[in-house]
Amino acid sequence: MTDRKLLVSVGPHIRSNASTTSIMGDVLIALLPAVVASVLVFGTRALLLEVVCVASSVLFEYLFRRLLKRSNTISDLSAAVTGLLLAFNLPAGFPIWMAILGCFVAIVIVKQLFGGIGCNFANPAITGRIFLLIAFAGQMTTWPTANSYISGIDAVSGATPLALIKEGSIEALPAVKNLLFGIRGGCLGETCAIALLIGFVYLVLRRVITPTIPVVYVATIALMSLILGYDPIYMILTGGVLLGGIFMLTDYATSPATELGKVVFAVGAGIITMLIRNSSGGYPEGVSFAILLMNILCPYIAKLGHKKPFGGVAK
């Protein structure tokens, strides 16, 4: 009888009926309130941009995998989620062809060239947004006027609240109720805080995400705002804090799995967001770059909180 070594490993002891398709389907459902809000605030041009981005992302994934003779993965809905999130990071008047180019970068360059879903080093949608911001800065920072279809809410000009804060035009800031309903300048999916919070509650109840990363991220933004002398409410409800914290920082492939790792990950993103907002010259937002930087650091942060398997050797 030959000697055999006992291999100790962590198995998938937690069983679940969840699949990639069901998880991505839940994310799409959670994004629907923000889709409705974007159409109410910015009109049908918002819906057109969202449909184009979703369709382009799905098509690029299908064609790329067909070209490389790989299995078809468009049915897992991850490409649709990426397309919708990218659209949410664009102004309502953004040119269609530029949006399609951004979808190509997100799906082909960031996602598929690294092996597909679960193998990407960064969130595809946020990386696509950063590419478009660098390549087409003028179009990415041109904000159409928000039109209100909600009784009692006044329409506002196209300037974003963060830009007004950066300019020192505090008196021109929209009322908090306008921030809650999305009646302000900004990208399609980031303006209506109520719609995003509805999506957050849905994802938590469905156990698609845990509240750790969004809650810690927002708390860090609030604390850093007080330290740097900003109004925490405006810092949280403006820009992409809620959109990024709820739907992009929580991406499975680019965020830690342990609770300690999630806390460190979220705190780091919050600090970077506020440092960019406080220090940048012409760019008042910091969420996108904070997410990208923390995605890059995620492999190191993900090691925090890992427990040694029973009988295993500590590394």
# chains A, B, ... in the order shown; residues from 1 in each chain; ligands from 1

call {"tool": "select_by_dssp", "arguments": {"residues": "stretch 102-211 of chain A", "states": "helix (DSSP H, G or I)", "output": "NGL selection string"}}
result
:A and (102-114 or 124-135 or 137-140 or 161-167 or 170-172 or 176-181 or 193-205)

call {"tool": "residues_around", "arguments": {"residues": "A:Val110", "least_positions_apart": "6", "cutoff": "9 Å", "atoms": "only C-alpha atoms", "output": "short mmCIF file (atom, residue, chain, number, x, y, z; two decimals) with C-alpha atoms, in the first residue's frame"}}
result
data_model
loop_
_atom_site.label_atom_id
_atom_site.label_comp_id
_atom_site.auth_asym_id
_atom_site.auth_seq_id
_atom_site.Cartn_x
_atom_site.Cartn_y
_atom_site.Cartn_z
CA PHE A 104 -16.53 47.84 -27.09
CA GLY A 116 -14.74 36.71 -19.62
CA ASN A 120 -11.67 40.79 -15.44
CA PHE A 121 -9.23 42.81 -13.32
CA ALA A 122 -11.55 45.82 -13.06
CA ASN A 123 -15.22 46.64 -13.39
CA PRO A 124 -15.84 46.80 -17.18
CA ALA A 125 -18.47 49.54 -17.01
CA THR A 127 -13.31 51.29 -17.00
CA GLY A 128 -15.33 52.04 -20.12
#

call {"tool": "closest_residue", "arguments": {"among": "A:Ile170, A:Ile23, A:Leu162, A:Leu188", "to": "A:Phe88", "atoms": "only C-alpha atoms"}}
result
A:Leu188

call {"tool": "closest_residue", "arguments": {"among": "A:Thr238, A:Thr44, A:Thr250, A:Thr160", "to": "A:Val216", "atoms": "only C-alpha atoms"}}
result
A:Thr250

call {"tool": "closest_residue", "arguments": {"among": "A:Leu113, A:Ile126, A:Ala30, A:Val108", "to": "A:Leu203", "atoms": "only C-alpha atoms"}}
result
A:Ala30

call {"tool": "closest_residue", "arguments": {"among": "A:Leu180, A:Ala87, A:Ile271, A:Leu133", "to": "A:Leu223", "atoms": "only C-alpha atoms"}}
result
A:Ile271

call {"tool": "residues_around", "arguments": {"residues": "A:Ser56", "least_positions_apart": "6", "cutoff": "8 Å", "atoms": "only C-alpha atoms", "output": "ChimeraX atom specification"}}
result
/A:83,100,103-104

call {"tool": "atom_distance", "arguments": {"atom1": "atom CA of A:Met294", "atom2": "atom CA of A:Ala269"}}
result
6.2 Å

call {"tool": "closest_atom_pairs", "arguments": {"of": "stretch 168-266 of chain A", "to": "stretch 61-82 of chain A", "cutoff": "12 Å", "atoms": "only C-alpha atoms", "output": "tab-separated table"}}
result
residue	atom	partner	partner_atom	distance
A:Phe247	CA	A:Val81	CA	9.8
A:Met248	CA	A:Thr82	CA	9.7
A:Asp251	CA	A:Thr82	CA	10.6
A:Tyr252	CA	A:Ser78	CA	11.6
A:Ala253	CA	A:Ser78	CA	11.7

call {"tool": "residues_around", "arguments": {"residues": "A:Thr191", "least_positions_apart": "5", "cutoff": "9 Å", "atoms": "only C-alpha atoms", "output": "list in words"}}
result
Ala34, Ala37, Ser38, Val41, Leu179, Leu180, Phe181, Gly182, Ile183, Arg184, Gly185, Gly186, Leu196, Leu237, Thr238, Gly239, Gly240 and Leu243 of chain A

call {"tool": "residues_around", "arguments": {"residues": "A:Val267", "least_positions_apart": "4", "cutoff": "12 Å", "atoms": "only C-alpha atoms", "output": "PyMOL selection string"}}
result
chain A and resi 212-224+245+249+260-263+271-274+290-291+294+301

call {"tool": "write_last_selection", "arguments": {"atoms": "N, CA and C atoms", "output": "mmCIF file, in the first residue's frame"}}
result
data_model
loop_
_atom_site.group_PDB
_atom_site.id
_atom_site.type_symbol
_atom_site.label_atom_id
_atom_site.label_comp_id
_atom_site.auth_asym_id
_atom_site.auth_seq_id
_atom_site.Cartn_x
_atom_site.Cartn_y
_atom_site.Cartn_z
ATOM 1 N N THR A 212 -22.411 45.609 3.441
ATOM 2 C CA THR A 212 -21.136 46.060 4.003
ATOM 3 C C THR A 212 -20.450 47.125 3.146
ATOM 4 N N ILE A 213 -20.178 46.808 1.889
ATOM 5 C CA ILE A 213 -19.423 47.739 1.043
ATOM 6 C C ILE A 213 -20.172 49.055 0.824
ATOM 7 N N PRO A 214 -21.444 49.044 0.411
ATOM 8 C CA PRO A 214 -22.144 50.327 0.216
ATOM 9 C C PRO A 214 -22.232 51.166 1.487
ATOM 10 N N VAL A 215 -22.554 50.522 2.609
ATOM 11 C CA VAL A 215 -22.728 51.270 3.858
ATOM 12 C C VAL A 215 -21.400 51.858 4.327
ATOM 13 N N VAL A 216 -20.348 51.062 4.301
ATOM 14 C CA VAL A 216 -19.034 51.550 4.745
ATOM 15 C C VAL A 216 -18.522 52.629 3.804
ATOM 16 N N TYR A 217 -18.749 52.454 2.518
ATOM 17 C CA TYR A 217 -18.318 53.460 1.530
ATOM 18 C C TYR A 217 -19.004 54.802 1.772
ATOM 19 N N VAL A 218 -20.322 54.779 1.942
ATOM 20 C CA VAL A 218 -21.079 56.011 2.179
ATOM 21 C C VAL A 218 -20.676 56.626 3.517
ATOM 22 N N ALA A 219 -20.485 55.808 4.545
ATOM 23 C CA ALA A 219 -20.066 56.319 5.856
ATOM 24 C C ALA A 219 -18.697 56.987 5.767
ATOM 25 N N THR A 220 -17.800 56.403 4.974
ATOM 26 C CA THR A 220 -16.473 57.000 4.801
ATOM 27 C C THR A 220 -16.566 58.336 4.068
ATOM 28 N N ILE A 221 -17.434 58.398 3.060
ATOM 29 C CA ILE A 221 -17.666 59.662 2.346
ATOM 30 C C ILE A 221 -18.164 60.727 3.318
ATOM 31 N N ALA A 222 -19.106 60.342 4.191
ATOM 32 C CA ALA A 222 -19.665 61.294 5.155
ATOM 33 C C ALA A 222 -18.598 61.785 6.121
ATOM 34 N N LEU A 223 -17.794 60.868 6.646
ATOM 35 C CA LEU A 223 -16.753 61.246 7.600
ATOM 36 C C LEU A 223 -15.688 62.126 6.937
ATOM 37 N N MET A 224 -15.269 61.757 5.755
ATOM 38 C CA MET A 224 -14.271 62.549 5.034
ATOM 39 C C MET A 224 -14.818 63.928 4.669
ATOM 40 N N GLY A 245 -21.269 52.883 -5.346
ATOM 41 C CA GLY A 245 -21.195 52.107 -4.117
ATOM 42 C C GLY A 245 -22.100 50.892 -4.117
ATOM 43 N N LEU A 249 -18.947 48.894 -6.922
ATOM 44 C CA LEU A 249 -17.988 48.440 -5.922
ATOM 45 C C LEU A 249 -18.300 47.022 -5.451
ATOM 46 N N LEU A 260 -13.785 41.576 6.444
ATOM 47 C CA LEU A 260 -12.687 42.518 6.714
ATOM 48 C C LEU A 260 -12.162 43.120 5.422
ATOM 49 N N GLY A 261 -12.022 42.300 4.406
ATOM 50 C CA GLY A 261 -11.577 42.805 3.114
ATOM 51 C C GLY A 261 -12.545 43.819 2.538
ATOM 52 N N LYS A 262 -13.844 43.557 2.686
ATOM 53 C CA LYS A 262 -14.867 44.482 2.182
ATOM 54 C C LYS A 262 -14.780 45.837 2.886
ATOM 55 N N VAL A 263 -14.564 45.816 4.184
ATOM 56 C CA VAL A 263 -14.468 47.062 4.948
ATOM 57 C C VAL A 263 -13.267 47.881 4.487
ATOM 58 N N ILE A 271 -12.065 57.140 0.817
ATOM 59 C CA ILE A 271 -10.983 58.112 1.027
ATOM 60 C C ILE A 271 -10.481 58.651 -0.306
ATOM 61 N N ILE A 272 -10.258 57.758 -1.276
ATOM 62 C CA ILE A 272 -9.768 58.196 -2.586
ATOM 63 C C ILE A 272 -10.784 59.100 -3.272
ATOM 64 N N THR A 273 -12.062 58.746 -3.175
ATOM 65 C CA THR A 273 -13.114 59.577 -3.780
ATOM 66 C C THR A 273 -13.054 61.003 -3.257
ATOM 67 N N MET A 274 -12.972 61.144 -1.944
ATOM 68 C CA MET A 274 -12.986 62.479 -1.359
ATOM 69 C C MET A 274 -11.680 63.226 -1.592
ATOM 70 N N ALA A 290 -11.651 56.099 -8.100
ATOM 71 C CA ALA A 290 -11.539 55.388 -6.820
ATOM 72 C C ALA A 290 -11.872 53.910 -6.997
ATOM 73 N N ILE A 291 -12.934 53.625 -7.739
ATOM 74 C CA ILE A 291 -13.320 52.236 -7.979
ATOM 75 C C ILE A 291 -12.237 51.504 -8.753
ATOM 76 N N MET A 294 -9.167 50.795 -6.515
ATOM 77 C CA MET A 294 -9.420 49.746 -5.536
ATOM 78 C C MET A 294 -9.588 48.384 -6.205
ATOM 79 N N ILE A 301 -6.060 43.073 -1.068
ATOM 80 C CA ILE A 301 -7.022 43.286 0.012
ATOM 81 C C ILE A 301 -7.836 42.018 0.269
#

call {"tool": "decode", "arguments": {"residues": "stretch 21-166 of chain A", "atoms": "C-alpha atoms", "output": "short mmCIF file (atom, residue, chain, number, x, y, z; two decimals), in the first residue's frame"}}
result
data_model
loop_
_atom_site.label_atom_id
_atom_site.label_comp_id
_atom_site.auth_asym_id
_atom_site.auth_seq_id
_atom_site.Cartn_x
_atom_site.Cartn_y
_atom_site.Cartn_z
CA THR A 21 -28.13 34.39 -14.87
CA SER A 22 -30.38 34.73 -11.82
CA ILE A 23 -27.93 37.08 -10.08
CA MET A 24 -27.54 39.29 -13.14
CA GLY A 25 -31.30 39.21 -13.61
CA ASP A 26 -31.74 40.52 -10.07
CA VAL A 27 -29.24 43.29 -10.77
CA LEU A 28 -31.19 44.32 -13.88
CA ILE A 29 -34.42 44.36 -11.85
CA ALA A 30 -32.70 46.50 -9.20
CA LEU A 31 -31.62 48.94 -11.91
CA LEU A 32 -35.13 49.34 -13.35
CA PRO A 33 -36.22 52.13 -10.94
CA ALA A 34 -33.20 54.15 -12.05
CA VAL A 35 -34.09 53.48 -15.71
CA VAL A 36 -37.60 54.86 -15.12
CA ALA A 37 -36.19 57.86 -13.23
CA SER A 38 -33.71 58.62 -16.02
CA VAL A 39 -36.50 58.72 -18.61
CA LEU A 40 -38.68 60.94 -16.40
CA VAL A 41 -35.80 63.33 -15.76
CA PHE A 42 -33.99 63.38 -19.12
CA GLY A 43 -36.64 62.19 -21.57
CA THR A 44 -36.67 59.42 -24.17
CA ARG A 45 -33.09 60.24 -25.23
CA ALA A 46 -32.02 58.55 -22.00
CA LEU A 47 -33.91 55.37 -22.89
CA LEU A 48 -32.38 55.36 -26.38
CA LEU A 49 -28.87 55.58 -24.95
CA GLU A 50 -29.58 52.78 -22.46
CA VAL A 51 -31.04 50.47 -25.13
CA VAL A 52 -28.11 51.12 -27.48
CA CYS A 53 -25.53 50.41 -24.77
CA VAL A 54 -27.22 47.18 -23.69
CA ALA A 55 -27.66 45.96 -27.27
CA SER A 56 -24.08 46.91 -28.25
CA SER A 57 -22.59 45.17 -25.22
CA VAL A 58 -24.52 41.96 -25.86
CA LEU A 59 -23.61 42.05 -29.57
CA PHE A 60 -19.91 42.64 -28.91
CA GLU A 61 -19.78 39.74 -26.46
CA TYR A 62 -21.59 37.44 -28.88
CA LEU A 63 -19.38 38.37 -31.86
CA PHE A 64 -16.11 38.18 -29.92
CA ARG A 65 -16.85 34.75 -28.49
CA ARG A 66 -18.13 33.54 -31.85
CA LEU A 67 -14.93 34.78 -33.52
CA LEU A 68 -12.76 32.92 -31.00
CA LYS A 69 -15.06 29.87 -31.15
CA ARG A 70 -15.88 30.03 -27.46
CA SER A 71 -19.15 29.09 -25.81
CA ASN A 72 -21.93 31.64 -26.00
CA THR A 73 -22.28 33.54 -22.69
CA ILE A 74 -24.77 36.30 -23.54
CA SER A 75 -27.53 34.32 -21.82
CA ASP A 76 -25.91 34.94 -18.41
CA LEU A 77 -27.03 38.62 -18.74
CA SER A 78 -23.69 39.98 -17.53
CA ALA A 79 -23.12 41.85 -20.80
CA ALA A 80 -26.55 43.47 -20.48
CA VAL A 81 -25.71 44.60 -16.94
CA THR A 82 -22.39 46.06 -18.11
CA GLY A 83 -24.10 47.93 -20.96
CA LEU A 84 -26.78 49.40 -18.71
CA LEU A 85 -24.27 50.46 -16.05
CA LEU A 86 -22.11 52.12 -18.69
CA ALA A 87 -25.15 54.00 -20.01
CA PHE A 88 -25.91 55.11 -16.45
CA ASN A 89 -22.46 56.72 -16.37
CA LEU A 90 -23.10 58.86 -19.46
CA PRO A 91 -24.79 62.26 -19.91
CA ALA A 92 -28.18 62.13 -21.66
CA GLY A 93 -26.89 63.95 -24.74
CA PHE A 94 -23.81 61.76 -25.23
CA PRO A 95 -23.26 60.82 -28.90
CA ILE A 96 -24.45 57.32 -29.75
CA TRP A 97 -21.33 56.26 -31.64
CA MET A 98 -19.11 57.22 -28.73
CA ALA A 99 -21.28 55.18 -26.37
CA ILE A 100 -20.92 52.16 -28.69
CA LEU A 101 -17.14 52.62 -28.64
CA GLY A 102 -17.24 52.66 -24.83
CA CYS A 103 -19.20 49.39 -24.86
CA PHE A 104 -16.53 47.84 -27.09
CA VAL A 105 -13.80 48.82 -24.62
CA ALA A 106 -15.81 47.54 -21.64
CA ILE A 107 -16.81 44.20 -23.15
CA VAL A 108 -13.96 43.26 -25.48
CA ILE A 109 -10.89 44.95 -23.97
CA VAL A 110 -11.66 44.81 -20.24
CA LYS A 111 -13.89 41.74 -19.95
CA GLN A 112 -13.38 39.23 -22.78
CA LEU A 113 -9.65 39.66 -23.42
CA PHE A 114 -9.06 38.74 -19.78
CA GLY A 115 -11.15 35.58 -20.03
CA GLY A 116 -14.74 36.71 -19.62
CA ILE A 117 -16.95 37.09 -16.57
CA GLY A 118 -15.12 36.58 -13.29
CA CYS A 119 -11.67 37.03 -14.84
CA ASN A 120 -11.67 40.79 -15.44
CA PHE A 121 -9.23 42.81 -13.32
CA ALA A 122 -11.55 45.82 -13.06
CA ASN A 123 -15.22 46.64 -13.39
CA PRO A 124 -15.84 46.80 -17.18
CA ALA A 125 -18.47 49.54 -17.01
CA ILE A 126 -16.40 51.89 -14.87
CA THR A 127 -13.31 51.29 -17.00
CA GLY A 128 -15.33 52.04 -20.12
CA ARG A 129 -16.51 55.27 -18.52
CA ILE A 130 -12.95 56.33 -17.68
CA PHE A 131 -11.87 55.60 -21.25
CA LEU A 132 -14.67 57.78 -22.59
CA LEU A 133 -13.88 60.54 -20.09
CA ILE A 134 -10.25 60.63 -21.20
CA ALA A 135 -11.00 60.28 -24.92
CA PHE A 136 -14.04 62.58 -25.09
CA ALA A 137 -13.77 64.89 -22.09
CA GLY A 138 -15.94 67.63 -23.62
CA GLN A 139 -18.88 65.36 -24.40
CA MET A 140 -18.59 63.52 -21.08
CA THR A 141 -18.85 66.77 -19.12
CA THR A 142 -21.68 68.40 -21.07
CA TRP A 143 -24.86 68.09 -19.06
CA PRO A 144 -28.31 68.56 -20.66
CA THR A 145 -30.96 70.37 -18.64
CA ALA A 146 -32.96 68.08 -16.38
CA ASN A 147 -36.70 68.32 -17.05
CA SER A 148 -39.05 67.52 -14.21
CA TYR A 149 -42.23 65.52 -14.67
CA ILE A 150 -42.75 65.33 -10.92
CA SER A 151 -45.22 67.77 -9.44
CA GLY A 152 -43.70 70.27 -7.05
CA ILE A 153 -40.10 69.81 -8.23
CA ASP A 154 -38.48 72.61 -10.20
CA ALA A 155 -36.36 71.95 -13.27
CA VAL A 156 -32.69 72.83 -12.92
CA SER A 157 -29.88 73.88 -15.20
CA GLY A 158 -27.34 71.45 -16.57
CA ALA A 159 -24.50 72.25 -14.15
CA THR A 160 -23.80 69.40 -11.73
CA PRO A 161 -23.88 70.05 -7.97
CA LEU A 162 -20.25 68.91 -7.67
CA ALA A 163 -19.22 71.45 -10.30
CA LEU A 164 -21.10 74.17 -8.42
CA ILE A 165 -19.38 73.18 -5.17
CA LYS A 166 -16.02 73.22 -6.92
#
